[in-house]
>>> print(open('coords-v6.txt').read())   # compact mmCIF, C-alpha atoms
# COMPACT_ATOMS: atom_id res chain seq x y z
CA MET V 1 49.97 278.92 -18.81
CA ALA V 2 46.90 276.74 -19.30
CA THR V 3 45.71 274.86 -16.26
CA GLU V 4 46.34 271.12 -16.45
CA ARG V 5 43.09 269.20 -16.36
CA ARG V 6 43.58 266.28 -14.03
CA TYR V 7 40.12 264.82 -14.57
CA ASP V 8 37.81 264.44 -17.54
CA ILE V 9 34.70 264.37 -15.35
CA VAL V 10 34.01 265.52 -11.78
CA VAL V 11 30.71 264.65 -10.08
CA PHE V 12 29.83 267.60 -7.83
CA GLY V 13 27.26 266.94 -5.12
CA ALA V 14 28.08 263.25 -4.98
CA THR V 15 26.57 262.82 -1.51
CA GLY V 16 23.09 263.84 -2.66
CA PHE V 17 20.49 261.24 -3.59
CA THR V 18 20.86 261.67 -7.36
CA GLY V 19 24.59 262.29 -6.98
CA GLN V 20 25.12 258.84 -5.50
CA TYR V 21 23.48 257.13 -8.46
CA THR V 22 25.45 259.37 -10.81
CA VAL V 23 28.66 258.12 -9.18
CA ASP V 24 27.54 254.55 -9.90
CA GLU V 25 26.93 255.37 -13.55
CA VAL V 26 30.17 257.31 -14.03
CA ALA V 27 32.12 254.37 -12.60
CA ARG V 28 30.44 251.91 -14.95
CA VAL V 29 30.90 254.09 -18.04
CA ALA V 30 34.51 255.00 -17.16
CA ALA V 31 35.36 251.31 -17.48
CA GLU V 32 33.94 251.37 -21.04
CA GLU V 33 35.13 254.77 -22.23
CA TYR V 34 38.45 255.07 -20.37
CA PHE V 35 38.19 258.58 -18.93
CA THR V 36 39.54 259.97 -15.67
CA TRP V 37 37.15 261.11 -12.99
CA ALA V 38 36.72 262.32 -9.43
CA ILE V 39 33.93 263.22 -7.03
CA ALA V 40 33.44 266.49 -5.16
CA GLY V 41 31.47 267.87 -2.24
CA ARG V 42 31.95 269.56 1.09
CA ASN V 43 32.34 266.63 3.54
CA MET V 44 35.26 264.22 3.16
CA SER V 45 33.86 261.43 5.34
CA LYS V 46 30.49 261.48 3.54
CA LEU V 47 32.23 261.43 0.16
CA GLN V 48 34.34 258.44 1.24
CA LYS V 49 31.14 256.66 2.30
CA VAL V 50 29.61 257.37 -1.14
CA LEU V 51 32.54 255.59 -2.77
CA SER V 52 32.29 252.69 -0.32
CA ASP V 53 28.53 252.29 -0.83
CA SER V 54 28.83 252.64 -4.59
CA SER V 55 31.52 249.93 -4.68
CA LYS V 56 29.02 247.53 -3.12
CA ARG V 57 26.16 248.52 -5.45
CA ILE V 58 28.15 248.11 -8.66
CA ALA V 59 30.36 245.23 -7.41
CA CYS V 60 33.55 247.09 -8.29
CA ASN V 61 36.02 248.70 -5.91
CA ILE V 62 36.14 252.45 -6.59
CA GLU V 63 37.16 253.53 -3.08
CA GLU V 64 40.47 254.98 -4.35
CA THR V 65 38.65 257.43 -6.64
CA PRO V 66 40.03 260.97 -6.09
CA ILE V 67 37.99 263.33 -3.91
CA LEU V 68 37.85 267.13 -4.22
CA ILE V 69 36.46 269.40 -1.53
CA ALA V 70 34.13 272.06 -2.94
CA ASP V 71 31.17 273.91 -1.43
CA THR V 72 28.58 276.27 -2.89
CA SER V 73 29.25 278.62 0.03
CA SER V 74 32.91 278.97 -1.04
CA TYR V 75 33.20 280.35 -4.56
CA GLN V 76 36.97 279.90 -4.66
CA SER V 77 36.61 276.19 -3.89
CA LEU V 78 34.23 275.89 -6.84
CA VAL V 79 36.73 277.61 -9.15
CA GLU V 80 39.53 275.34 -7.97
CA MET V 81 37.33 272.31 -8.64
CA ALA V 82 36.51 273.58 -12.14
CA GLN V 83 40.19 274.23 -12.90
CA GLN V 84 40.88 270.53 -12.43
CA ALA V 85 38.10 269.21 -14.68
CA LYS V 86 37.00 269.20 -18.29
CA VAL V 87 33.33 268.58 -17.43
CA ILE V 88 31.50 269.14 -14.14
CA LEU V 89 28.35 267.10 -13.50
CA ASN V 90 26.45 269.34 -11.08
CA CYS V 91 23.98 267.37 -8.93
CA VAL V 92 23.46 270.10 -6.31
CA GLY V 93 19.93 271.46 -6.35
CA PRO V 94 17.58 273.21 -6.15
CA TYR V 95 19.47 275.06 -8.86
CA HIS V 96 17.39 278.18 -8.20
CA PHE V 97 19.51 278.60 -5.04
CA TYR V 98 22.78 276.80 -5.76
CA GLY V 99 23.22 276.59 -9.53
CA GLU V 100 24.42 280.03 -10.59
CA GLU V 101 27.58 280.11 -8.45
CA VAL V 102 28.68 276.77 -9.91
CA VAL V 103 28.02 277.97 -13.46
CA LYS V 104 30.07 281.14 -12.85
CA ALA V 105 32.90 279.12 -11.31
CA CYS V 106 32.93 276.67 -14.21
CA ILE V 107 33.19 279.49 -16.74
CA GLU V 108 36.00 281.15 -14.76
CA GLY V 109 37.76 277.83 -14.24
CA GLY V 110 37.34 276.75 -17.86
CA ALA V 111 35.19 273.63 -17.34
CA SER V 112 32.00 272.69 -19.15
CA HIS V 113 28.97 272.32 -16.88
CA LEU V 114 26.06 269.87 -17.08
CA ASP V 115 23.13 269.80 -14.69
CA ILE V 116 19.80 268.02 -14.36
CA SER V 117 17.60 271.01 -13.60
CA GLY V 118 14.00 271.17 -14.68
CA GLU V 119 13.68 274.78 -13.44
CA PRO V 120 12.90 277.11 -16.40
CA GLN V 121 13.73 280.27 -14.45
CA TYR V 122 17.22 279.07 -13.64
CA LEU V 123 17.90 277.61 -17.09
CA GLU V 124 16.80 280.70 -19.01
CA LYS V 125 18.59 283.04 -16.60
CA MET V 126 21.86 281.16 -17.21
CA GLN V 127 21.42 281.52 -20.98
CA LEU V 128 20.58 285.21 -20.67
CA LEU V 129 23.48 286.10 -18.38
CA TYR V 130 26.32 283.75 -19.31
CA ASN V 131 26.04 282.73 -22.96
CA GLY V 132 28.58 285.35 -24.07
CA THR V 133 31.20 284.65 -21.39
CA ALA V 134 30.85 280.88 -21.88
CA LYS V 135 31.61 281.34 -25.59
CA GLU V 136 34.61 283.51 -24.76
CA LYS V 137 35.96 280.71 -22.56
CA GLY V 138 34.99 277.99 -25.04
CA VAL V 139 33.00 275.99 -22.48
CA TYR V 140 29.51 274.52 -22.69
CA ILE V 141 26.82 275.20 -20.08
CA ILE V 142 24.07 272.67 -20.77
CA GLY V 143 21.11 272.41 -18.42
CA SER V 144 18.47 269.75 -18.03
CA THR V 145 20.54 266.77 -19.20
CA GLY V 146 18.50 264.27 -17.19
CA SER V 147 14.97 262.92 -17.44
CA GLU V 148 13.54 266.46 -17.50
CA SER V 149 14.53 267.04 -21.14
CA ILE V 150 16.69 264.34 -22.73
CA PRO V 151 13.80 261.92 -23.45
CA SER V 152 11.69 264.69 -25.01
CA GLU V 153 14.57 266.37 -26.88
CA MET V 154 16.00 263.13 -28.28
CA GLY V 155 12.53 261.66 -28.82
CA LEU V 156 11.59 264.64 -30.98
CA TYR V 157 14.87 264.36 -32.88
CA TYR V 158 14.39 260.62 -33.46
CA THR V 159 10.75 261.11 -34.53
CA ARG V 160 11.62 263.84 -37.02
CA LYS V 161 14.36 261.65 -38.50
CA GLN V 162 11.94 258.74 -38.90
CA PHE V 163 9.19 260.84 -40.47
CA ASN V 164 10.62 261.12 -44.01
CA GLY V 165 8.49 264.11 -44.93
CA GLU V 166 7.50 267.42 -43.37
CA VAL V 167 6.47 267.35 -39.71
CA ALA V 168 3.63 269.72 -38.80
CA SER V 169 3.03 268.69 -35.18
CA ILE V 170 4.21 266.31 -32.50
CA GLU V 171 2.47 265.44 -29.26
CA SER V 172 4.29 263.48 -26.56
CA PHE V 173 2.81 261.39 -23.74
CA PHE V 174 5.00 260.61 -20.72
CA GLY V 175 4.13 257.86 -18.25
CA VAL V 176 5.76 256.26 -15.19
CA HIS V 177 5.03 252.59 -14.48
CA PRO V 178 5.76 251.55 -10.87
CA GLY V 179 6.62 247.96 -10.02
CA PRO V 180 5.23 245.76 -7.23
CA LYS V 181 6.91 247.87 -4.54
CA GLY V 182 5.45 251.12 -5.87
CA HIS V 183 7.42 254.30 -6.41
CA VAL V 184 8.09 257.62 -4.67
CA PHE V 185 10.15 260.72 -5.44
CA ASN V 186 12.78 262.35 -3.26
CA THR V 187 11.76 265.57 -1.48
CA GLY V 188 14.60 267.40 -3.28
CA THR V 189 12.64 266.94 -6.50
CA MET V 190 9.54 268.27 -4.76
CA GLU V 191 11.43 271.35 -3.54
CA SER V 192 12.65 272.14 -7.06
CA ILE V 193 9.13 271.85 -8.51
CA SER V 194 7.80 274.06 -5.72
CA HIS V 195 10.19 276.86 -6.64
CA VAL V 196 9.27 276.52 -10.31
CA LEU V 197 5.63 277.14 -9.43
CA THR V 198 6.47 279.98 -7.05
CA ASN V 199 8.59 281.85 -9.59
CA MET V 200 6.57 281.47 -12.78
CA LYS V 201 6.20 285.25 -13.17
CA GLU V 202 9.98 285.60 -13.05
CA ALA V 203 10.27 283.00 -15.81
CA LYS V 204 7.97 285.00 -18.06
CA THR V 205 10.03 288.18 -17.55
CA LEU V 206 13.29 286.34 -18.20
CA ARG V 207 11.87 284.79 -21.36
CA GLN V 208 10.90 288.19 -22.72
CA SER V 209 14.42 289.50 -22.07
CA LEU V 210 16.07 286.42 -23.56
CA PHE V 211 13.81 286.29 -26.61
CA PRO V 212 12.41 289.77 -27.36
CA GLU V 213 11.27 288.56 -30.78
CA PRO V 214 8.32 286.13 -30.78
CA MET V 215 8.80 282.56 -31.92
CA PRO V 216 7.94 282.10 -35.62
CA GLU V 217 4.42 280.75 -35.83
CA SER V 218 3.63 277.42 -37.42
CA ASP V 219 0.87 277.51 -40.00
CA TYR V 220 -0.53 274.27 -38.60
CA HIS V 221 -2.69 274.09 -35.47
CA LEU V 222 -2.84 271.21 -33.03
CA PRO V 223 -6.23 269.62 -32.39
CA ARG V 224 -8.07 271.21 -29.49
CA ARG V 225 -7.76 269.22 -26.28
CA PHE V 226 -9.62 269.56 -23.02
CA PRO V 227 -7.34 269.95 -19.98
CA VAL V 228 -8.24 266.35 -19.18
CA PHE V 229 -8.84 263.93 -22.03
CA PHE V 230 -8.60 260.32 -23.16
CA SER V 231 -6.17 259.72 -26.02
CA LYS V 232 -7.33 257.04 -28.44
CA GLU V 233 -3.84 256.95 -29.99
CA ILE V 234 -2.25 255.61 -26.80
CA ASN V 235 -5.38 254.47 -24.88
CA LYS V 236 -4.56 256.51 -21.78
CA TRP V 237 -5.90 259.46 -19.80
CA CYS V 238 -3.83 262.61 -20.21
CA ILE V 239 -3.20 266.06 -18.75
CA PRO V 240 -0.87 268.79 -20.04
CA PHE V 241 2.74 268.77 -18.87
CA MET V 242 3.76 271.82 -16.81
CA ASP V 243 6.55 273.23 -19.02
CA ASP V 244 8.39 272.53 -22.27
CA SER V 245 10.77 275.51 -22.26
CA ALA V 246 13.84 273.43 -23.20
CA THR V 247 12.23 272.13 -26.39
CA THR V 248 11.05 275.64 -27.26
CA ARG V 249 14.57 277.03 -26.84
CA THR V 250 15.94 274.17 -28.92
CA MET V 251 13.46 274.89 -31.72
CA ARG V 252 14.51 278.54 -31.72
CA ASP V 253 18.14 277.50 -32.01
CA LEU V 254 17.45 275.01 -34.83
CA LEU V 255 15.51 277.65 -36.77
CA THR V 256 18.18 280.32 -36.22
CA THR V 257 20.96 277.99 -37.41
CA ASN V 258 18.91 276.71 -40.39
CA ARG V 259 18.88 273.15 -39.09
CA LEU V 260 15.07 273.29 -39.15
CA ASP V 261 13.20 274.81 -42.10
CA LYS V 262 9.85 275.43 -40.44
CA PRO V 263 8.61 275.43 -36.86
CA PHE V 264 6.29 272.60 -35.86
CA LYS V 265 3.71 272.57 -33.11
CA TYR V 266 4.69 270.62 -30.01
CA LYS V 267 2.72 269.79 -26.88
CA ALA V 268 3.69 267.51 -24.01
CA TYR V 269 1.32 265.53 -21.78
CA ILE V 270 1.47 263.26 -18.76
CA SER V 271 -0.40 259.98 -19.24
CA VAL V 272 -1.90 257.50 -16.77
CA ASP V 273 -3.66 254.17 -17.23
CA SER V 274 -6.98 254.75 -15.47
CA PHE V 275 -9.43 257.55 -14.69
CA LEU V 276 -9.08 256.81 -10.95
CA HIS V 277 -5.33 257.26 -11.23
CA LEU V 278 -5.93 260.51 -13.09
CA ILE V 279 -8.11 261.84 -10.25
CA GLY V 280 -5.30 261.09 -7.81
CA VAL V 281 -2.76 262.95 -9.94
CA LEU V 282 -5.06 265.97 -10.28
CA LEU V 283 -5.64 266.12 -6.51
CA LEU V 284 -1.89 265.92 -5.94
CA LEU V 285 -1.25 268.75 -8.39
CA ILE V 286 -3.98 270.95 -6.90
CA VAL V 287 -2.72 270.54 -3.33
CA PHE V 288 0.88 270.97 -4.41
CA GLY V 289 0.11 274.04 -6.51
CA ILE V 290 -1.83 275.82 -3.76
CA MET V 291 0.62 275.08 -0.94
CA SER V 292 3.64 276.07 -3.04
CA GLN V 293 2.37 279.64 -3.25
CA PHE V 294 2.95 280.35 0.46
CA SER V 295 6.05 280.04 2.64
CA LEU V 296 4.06 278.22 5.34
CA GLY V 297 2.68 275.81 2.74
CA ARG V 298 6.15 275.10 1.37
CA SER V 299 7.43 274.52 4.90
CA LEU V 300 4.63 272.05 5.65
CA LEU V 301 5.30 270.23 2.36
CA MET V 302 8.96 269.79 3.26
CA LYS V 303 8.22 268.61 6.81
CA PHE V 304 5.26 266.34 6.08
CA PRO V 305 5.35 265.36 2.39
CA HIS V 306 3.86 261.93 3.06
CA ILE V 307 0.74 263.53 4.58
CA PHE V 308 0.02 266.37 2.15
CA LEU V 309 1.17 264.67 -1.05
CA PHE V 310 -0.39 261.23 -0.55
CA GLY V 311 2.92 259.42 -0.04
CA MET V 312 4.29 260.34 -3.49
CA PHE V 313 7.33 262.14 -2.03
CA LYS V 314 9.63 260.85 0.69
CA LYS V 315 12.78 262.08 2.39
CA GLY V 316 15.55 259.81 1.15
CA GLY V 317 13.68 258.96 -2.04
CA PRO V 318 12.70 255.52 -3.34
CA SER V 319 14.31 252.27 -2.24
CA LYS V 320 16.63 250.30 -4.49
CA GLU V 321 13.79 247.80 -5.11
CA GLN V 322 11.39 250.58 -6.09
CA ILE V 323 13.91 252.04 -8.56
CA GLU V 324 14.66 248.66 -10.10
CA GLY V 325 10.96 247.80 -10.43
CA THR V 326 9.88 251.07 -12.08
CA THR V 327 10.02 251.94 -15.78
CA PHE V 328 8.92 254.85 -17.94
CA SER V 329 7.59 255.28 -21.46
CA MET V 330 7.20 258.25 -23.75
CA THR V 331 5.09 258.05 -26.90
CA PHE V 332 5.37 260.60 -29.73
CA VAL V 333 2.53 261.09 -32.21
CA ALA V 334 3.67 263.07 -35.25
CA HIS V 335 1.39 264.43 -37.99
CA GLY V 336 2.61 265.99 -41.20
CA TYR V 337 2.95 265.70 -44.95
CA LYS V 338 4.53 263.17 -47.24
CA GLU V 339 6.09 265.99 -49.24
CA THR V 340 7.22 269.51 -48.34
CA ILE V 341 4.62 272.14 -49.17
CA LYS V 342 4.95 275.92 -49.16
CA ASP V 343 1.65 276.77 -47.48
CA ARG V 344 0.18 274.42 -44.89
CA VAL V 345 -2.82 276.60 -44.03
CA ASN V 346 -6.03 274.55 -44.35
CA LYS V 347 -4.00 271.59 -45.67
CA LYS V 348 -4.92 268.47 -43.73
CA PRO V 349 -1.90 266.27 -42.82
CA ASP V 350 -1.63 263.13 -44.93
CA LYS V 351 0.92 261.24 -42.85
CA THR V 352 1.18 260.07 -39.23
CA ILE V 353 3.88 258.14 -37.41
CA ILE V 354 4.05 257.02 -33.78
CA THR V 355 7.37 256.44 -32.04
CA LYS V 356 8.07 255.25 -28.53
CA LEU V 357 10.83 255.58 -25.98
CA VAL V 358 11.03 253.16 -23.04
CA GLY V 359 13.57 252.83 -20.29
CA PRO V 360 14.30 252.47 -16.58
CA GLU V 361 12.96 254.52 -13.68
CA PRO V 362 13.17 258.15 -14.81
CA ALA V 363 14.36 260.20 -11.85
CA TYR V 364 17.25 258.17 -10.45
CA ALA V 365 18.09 255.48 -13.02
CA LEU V 366 17.44 257.23 -16.35
CA THR V 367 18.81 260.62 -15.26
CA PRO V 368 22.38 259.44 -14.48
CA ILE V 369 22.53 257.49 -17.74
CA CYS V 370 21.52 260.54 -19.76
CA MET V 371 23.79 262.94 -17.90
CA VAL V 372 26.88 260.75 -18.18
CA GLN V 373 26.38 260.04 -21.89
CA CYS V 374 25.94 263.78 -22.51
CA ALA V 375 29.28 264.34 -20.76
CA VAL V 376 31.04 261.63 -22.77
CA ILE V 377 29.92 263.26 -26.01
CA LEU V 378 31.45 266.58 -24.90
CA LEU V 379 34.69 264.72 -24.28
CA LYS V 380 34.76 262.59 -27.43
CA GLU V 381 32.46 264.02 -30.10
CA LYS V 382 33.08 267.76 -30.31
CA ASP V 383 33.48 267.38 -34.07
CA ARG V 384 29.80 266.34 -34.27
CA ILE V 385 28.49 269.28 -32.22
CA PHE V 386 27.09 272.09 -34.36
CA HIS V 387 28.07 274.88 -31.94
CA LYS V 388 31.86 274.65 -31.92
CA ASP V 389 32.74 277.56 -29.64
CA GLY V 390 30.84 276.82 -26.44
CA GLY V 391 27.95 278.77 -24.91
CA VAL V 392 24.77 278.16 -22.91
CA TYR V 393 22.30 275.84 -24.64
CA PRO V 394 19.37 273.46 -24.10
CA PRO V 395 20.31 269.82 -24.76
CA GLY V 396 18.69 269.44 -28.18
CA ALA V 397 20.70 272.35 -29.63
CA ILE V 398 23.92 270.49 -28.76
CA TYR V 399 23.10 266.80 -29.08
CA GLU V 400 21.13 266.71 -32.33
CA GLY V 401 23.54 265.24 -34.88
CA THR V 402 25.64 263.37 -32.29
CA THR V 403 25.47 259.68 -31.37
CA LEU V 404 23.46 260.32 -28.20
CA VAL V 405 20.44 258.32 -29.36
CA ASP V 406 22.66 255.34 -30.22
CA ARG V 407 24.48 255.64 -26.90
CA LEU V 408 21.20 255.69 -24.97
CA GLN V 409 20.01 252.62 -26.88
CA LYS V 410 23.11 250.77 -25.69
CA HIS V 411 22.24 251.68 -22.11
CA ASN V 412 18.70 250.28 -22.03
CA ILE V 413 16.84 253.39 -23.23
CA LEU V 414 15.11 252.08 -26.34
CA PHE V 415 13.72 254.07 -29.28
CA SER V 416 11.33 252.47 -31.76
CA THR V 417 8.81 253.32 -34.49
CA ILE V 418 5.58 251.49 -33.74
CA GLU V 419 3.26 252.81 -36.44
>>> encode(input="coords-v6.txt", output="structure tokens")
Amino acid sequence: MATERRYDIVVFGATGFTGQYTVDEVARVAAEEYFTWAIAGRNMSKLQKVLSDSSKRIACNIEETPILIADTSSYQSLVEMAQQAKVILNCVGPYHFYGEEVVKACIEGGASHLDISGEPQYLEKMQLLYNGTAKEKGVYIIGSTGSESIPSEMGLYYTRKQFNGEVASIESFFGVHPGPKGHVFNTGTMESISHVLTNMKEAKTLRQSLFPEPMPESDYHLPRRFPVFFSKEINKWCIPFMDDSATTRTMRDLLTTNRLDKPFKYKAYISVDSFLHLIGVLLLLIVFGIMSQFSLGRSLLMKFPHIFLFGMFKKGGPSKEQIEGTTFSMTFVAHGYKETIKDRVNKKPDKTIITKLVGPEPAYALTPICMVQCAVILLKEKDRIFHKDGGVYPPGAIYEGTTLVDRLQKHNILFSTIE
């Protein structure tokens, strides 16, 4: 007998910093979309406080929202949670330590699983190990449904749709714009990034196992960039972004399923307004990168983030005023051809478009919006999803062709073509 699903969505890890803001967003969207939901975690009193605090933040009483007790140290509790839900929103990180057990439990319990990881090792390991069993169960395991990948994945999709020709390359430039109160990141985010840097060799091995065949090569080459450069297209200083594994996996999927005729070159960058700001970012990255390689360094980072990382990370994360005052932007510069051509070698592009994505603070305002809208599409738009039978996928492989871009637009994440 099939297990009765009592809830459409369950927020797991609701007491965490991002989890609390996800609860706010689920409550707001549930009033629009009319789905059932609950929260889950290991401590009843803390979960009750989350509902009380959220009620005050969103000016709506949600204190009677159902609560489930589940803990990453108790696999059976995770399975029981999954058996009661259609979609689990997993906010418990770092996923390198806590993600796999939840994924396994969701597959066994028959619930789809969304997370907000930006950890390539974890994401690619889940695809390598669990894609087959997820398909057998008919559930979706979709990682990185927050600010780590949704802006880039959906920005690339939007840009390609606007191009009206053949895209040869796209470069993206991501920037955060703090308000008068400044901005900081929670130390949980710092811990996740630290483990990404520590386990980069593991990621390379996993990638070779997951994709033994090399990615088809584009016959167009991006312009050569110095590691640090000034972009005349956006008038900002730029450095390369650390990883774009989700977009690479999406491109593989689109090529394999014939939703993309040819690969295009893609490169992501972080952008800042001034050279002085750039120097600060580089110093932060150097210190962070060196200290992350040693257990003592990682321990010092966690204990004294404000000292070693120039106040950019803080236990407890940013204040409400800092979140409300901060915005982000992501600019996409696409080069290509007005008409499809068979051989692009030595053919100079004859068309360029620039698109832009702007929205609220990325880590704790944008992320819950993206994650919740991704969940709603799994509940209400399965007919639009190309992969009908479930599996483990990056976001772009699932959400291209759905109404996700339109849904994000309605929630203050704006896409536009500016040139």
>>> closest_residue(input="coords-v6.txt", among="V:Gly132, V:Pro151, V:Gly138, V:Pro212", to="Tyr399 (chain V)", atoms="only C-alpha atoms")
V:Pro151
>>> closest_residue(input="coords-v6.txt", among="V:Phe264, V:Phe313, V:Phe17, V:Phe12", to="Gly41 (chain V)", atoms="only C-alpha atoms")
V:Phe12
>>> residues_around(input="coords-v6.txt", residues="Lys315 (chain V)", least_positions_apart="2", cutoff="9 Å", atoms="only C-alpha atoms", output="PyMOL selection string")
chain V and resi 185-188+302+305-306+313+317-318
>>> closest_atom_pairs(input="coords-v6.txt", of="region 121-156 of chain V", to="region 325-349 of chain V", cutoff="8 Å", atoms="only C-alpha atoms", output="Markdown table")
| residue | atom | partner | partner_atom | distance |
| --- | --- | --- | --- | --- |
| V:Pro151 | CA | V:Met330 | CA | 7.6 |
| V:Ser152 | CA | V:Met330 | CA | 8.0 |
| V:Gly155 | CA | V:Phe332 | CA | 7.3 |
| V:Leu156 | CA | V:Phe332 | CA | 7.5 |
>>> atom_distance(input="coords-v6.txt", atom1="CA of Gln162 (chain V)", atom2="CA of Asp219 (chain V)")
21.8 Å
>>> atom_distance(input="coords-v6.txt", atom1="CA of Ser112 (chain V)", atom2="CA of Leu89 (chain V)")
8.7 Å
>>> residues_around(input="coords-v6.txt", residues="Tyr158 (chain V)", least_positions_apart="2", cutoff="9 Å", atoms="all atoms listed in the file", output="MDAnalysis selection string")
chainID V and resid 153:156 160:163 355 405 415:416
>>> residues_around(input="coords-v6.txt", residues="Lys135 (chain V)", least_positions_apart="4", cutoff="7 Å", atoms="all atoms listed in the file", output="MDAnalysis selection string")
chainID V and resid 131 139 389:391
>>> atom_distance(input="coords-v6.txt", atom1="CA of Lys204 (chain V)", atom2="CA of Glu217 (chain V)")
18.6 Å
>>> residues_around(input="coords-v6.txt", residues="region 92-101 of chain V", least_positions_apart="2", cutoff="6 Å", atoms="all atoms listed in the file", output="list in words")
Gly13, Asn90, Val103, Lys104, Tyr122 and Ser192 of chain V
>>> decode(input="coords-v6.txt", residues="region 384-395 of chain V", atoms="N, CA and C atoms", output="PDB file, in the first residue's frame")
ATOM      1  N   ARG V 384       5.723  19.720 -17.626  1.00  0.00           N
ATOM      2  CA  ARG V 384       6.674  20.567 -18.353  1.00  0.00           C
ATOM      3  C   ARG V 384       8.117  20.094 -18.200  1.00  0.00           C
ATOM      4  N   ILE V 385       8.372  19.182 -17.267  1.00  0.00           N
ATOM      5  CA  ILE V 385       9.730  18.716 -17.009  1.00  0.00           C
ATOM      6  C   ILE V 385      10.113  17.665 -18.039  1.00  0.00           C
ATOM      7  N   PHE V 386      11.277  17.835 -18.649  1.00  0.00           N
ATOM      8  CA  PHE V 386      11.698  16.918 -19.714  1.00  0.00           C
ATOM      9  C   PHE V 386      11.913  15.506 -19.168  1.00  0.00           C
ATOM     10  N   HIS V 387      12.607  15.383 -18.045  1.00  0.00           N
ATOM     11  CA  HIS V 387      12.869  14.069 -17.455  1.00  0.00           C
ATOM     12  C   HIS V 387      11.652  13.658 -16.624  1.00  0.00           C
ATOM     13  N   LYS V 388      10.882  12.730 -17.118  1.00  0.00           N
ATOM     14  CA  LYS V 388       9.605  12.383 -16.505  1.00  0.00           C
ATOM     15  C   LYS V 388       9.729  11.383 -15.367  1.00  0.00           C
ATOM     16  N   ASP V 389      10.802  10.640 -15.304  1.00  0.00           N
ATOM     17  CA  ASP V 389      10.871   9.480 -14.413  1.00  0.00           C
ATOM     18  C   ASP V 389      11.710   9.688 -13.165  1.00  0.00           C
ATOM     19  N   GLY V 390      12.103  10.917 -12.863  1.00  0.00           N
ATOM     20  CA  GLY V 390      12.939  11.147 -11.705  1.00  0.00           C
ATOM     21  C   GLY V 390      14.409  10.945 -12.014  1.00  0.00           C
ATOM     22  N   GLY V 391      15.253  11.065 -10.970  1.00  0.00           N
ATOM     23  CA  GLY V 391      16.697  10.928 -11.129  1.00  0.00           C
ATOM     24  C   GLY V 391      17.415  12.055 -10.407  1.00  0.00           C
ATOM     25  N   VAL V 392      18.741  12.060 -10.526  1.00  0.00           N
ATOM     26  CA  VAL V 392      19.580  13.084  -9.892  1.00  0.00           C
ATOM     27  C   VAL V 392      20.079  14.037 -10.971  1.00  0.00           C
ATOM     28  N   TYR V 393      19.762  15.322 -10.829  1.00  0.00           N
ATOM     29  CA  TYR V 393      20.060  16.281 -11.897  1.00  0.00           C
ATOM     30  C   TYR V 393      20.514  17.624 -11.335  1.00  0.00           C
ATOM     31  N   PRO V 394      21.273  18.386 -12.128  1.00  0.00           N
ATOM     32  CA  PRO V 394      21.488  19.807 -11.819  1.00  0.00           C
ATOM     33  C   PRO V 394      20.214  20.578 -12.174  1.00  0.00           C
ATOM     34  N   PRO V 395      20.039  21.781 -11.633  1.00  0.00           N
ATOM     35  CA  PRO V 395      18.770  22.490 -11.829  1.00  0.00           C
ATOM     36  C   PRO V 395      18.396  22.754 -13.282  1.00  0.00           C
TER      37      PRO V 395
END
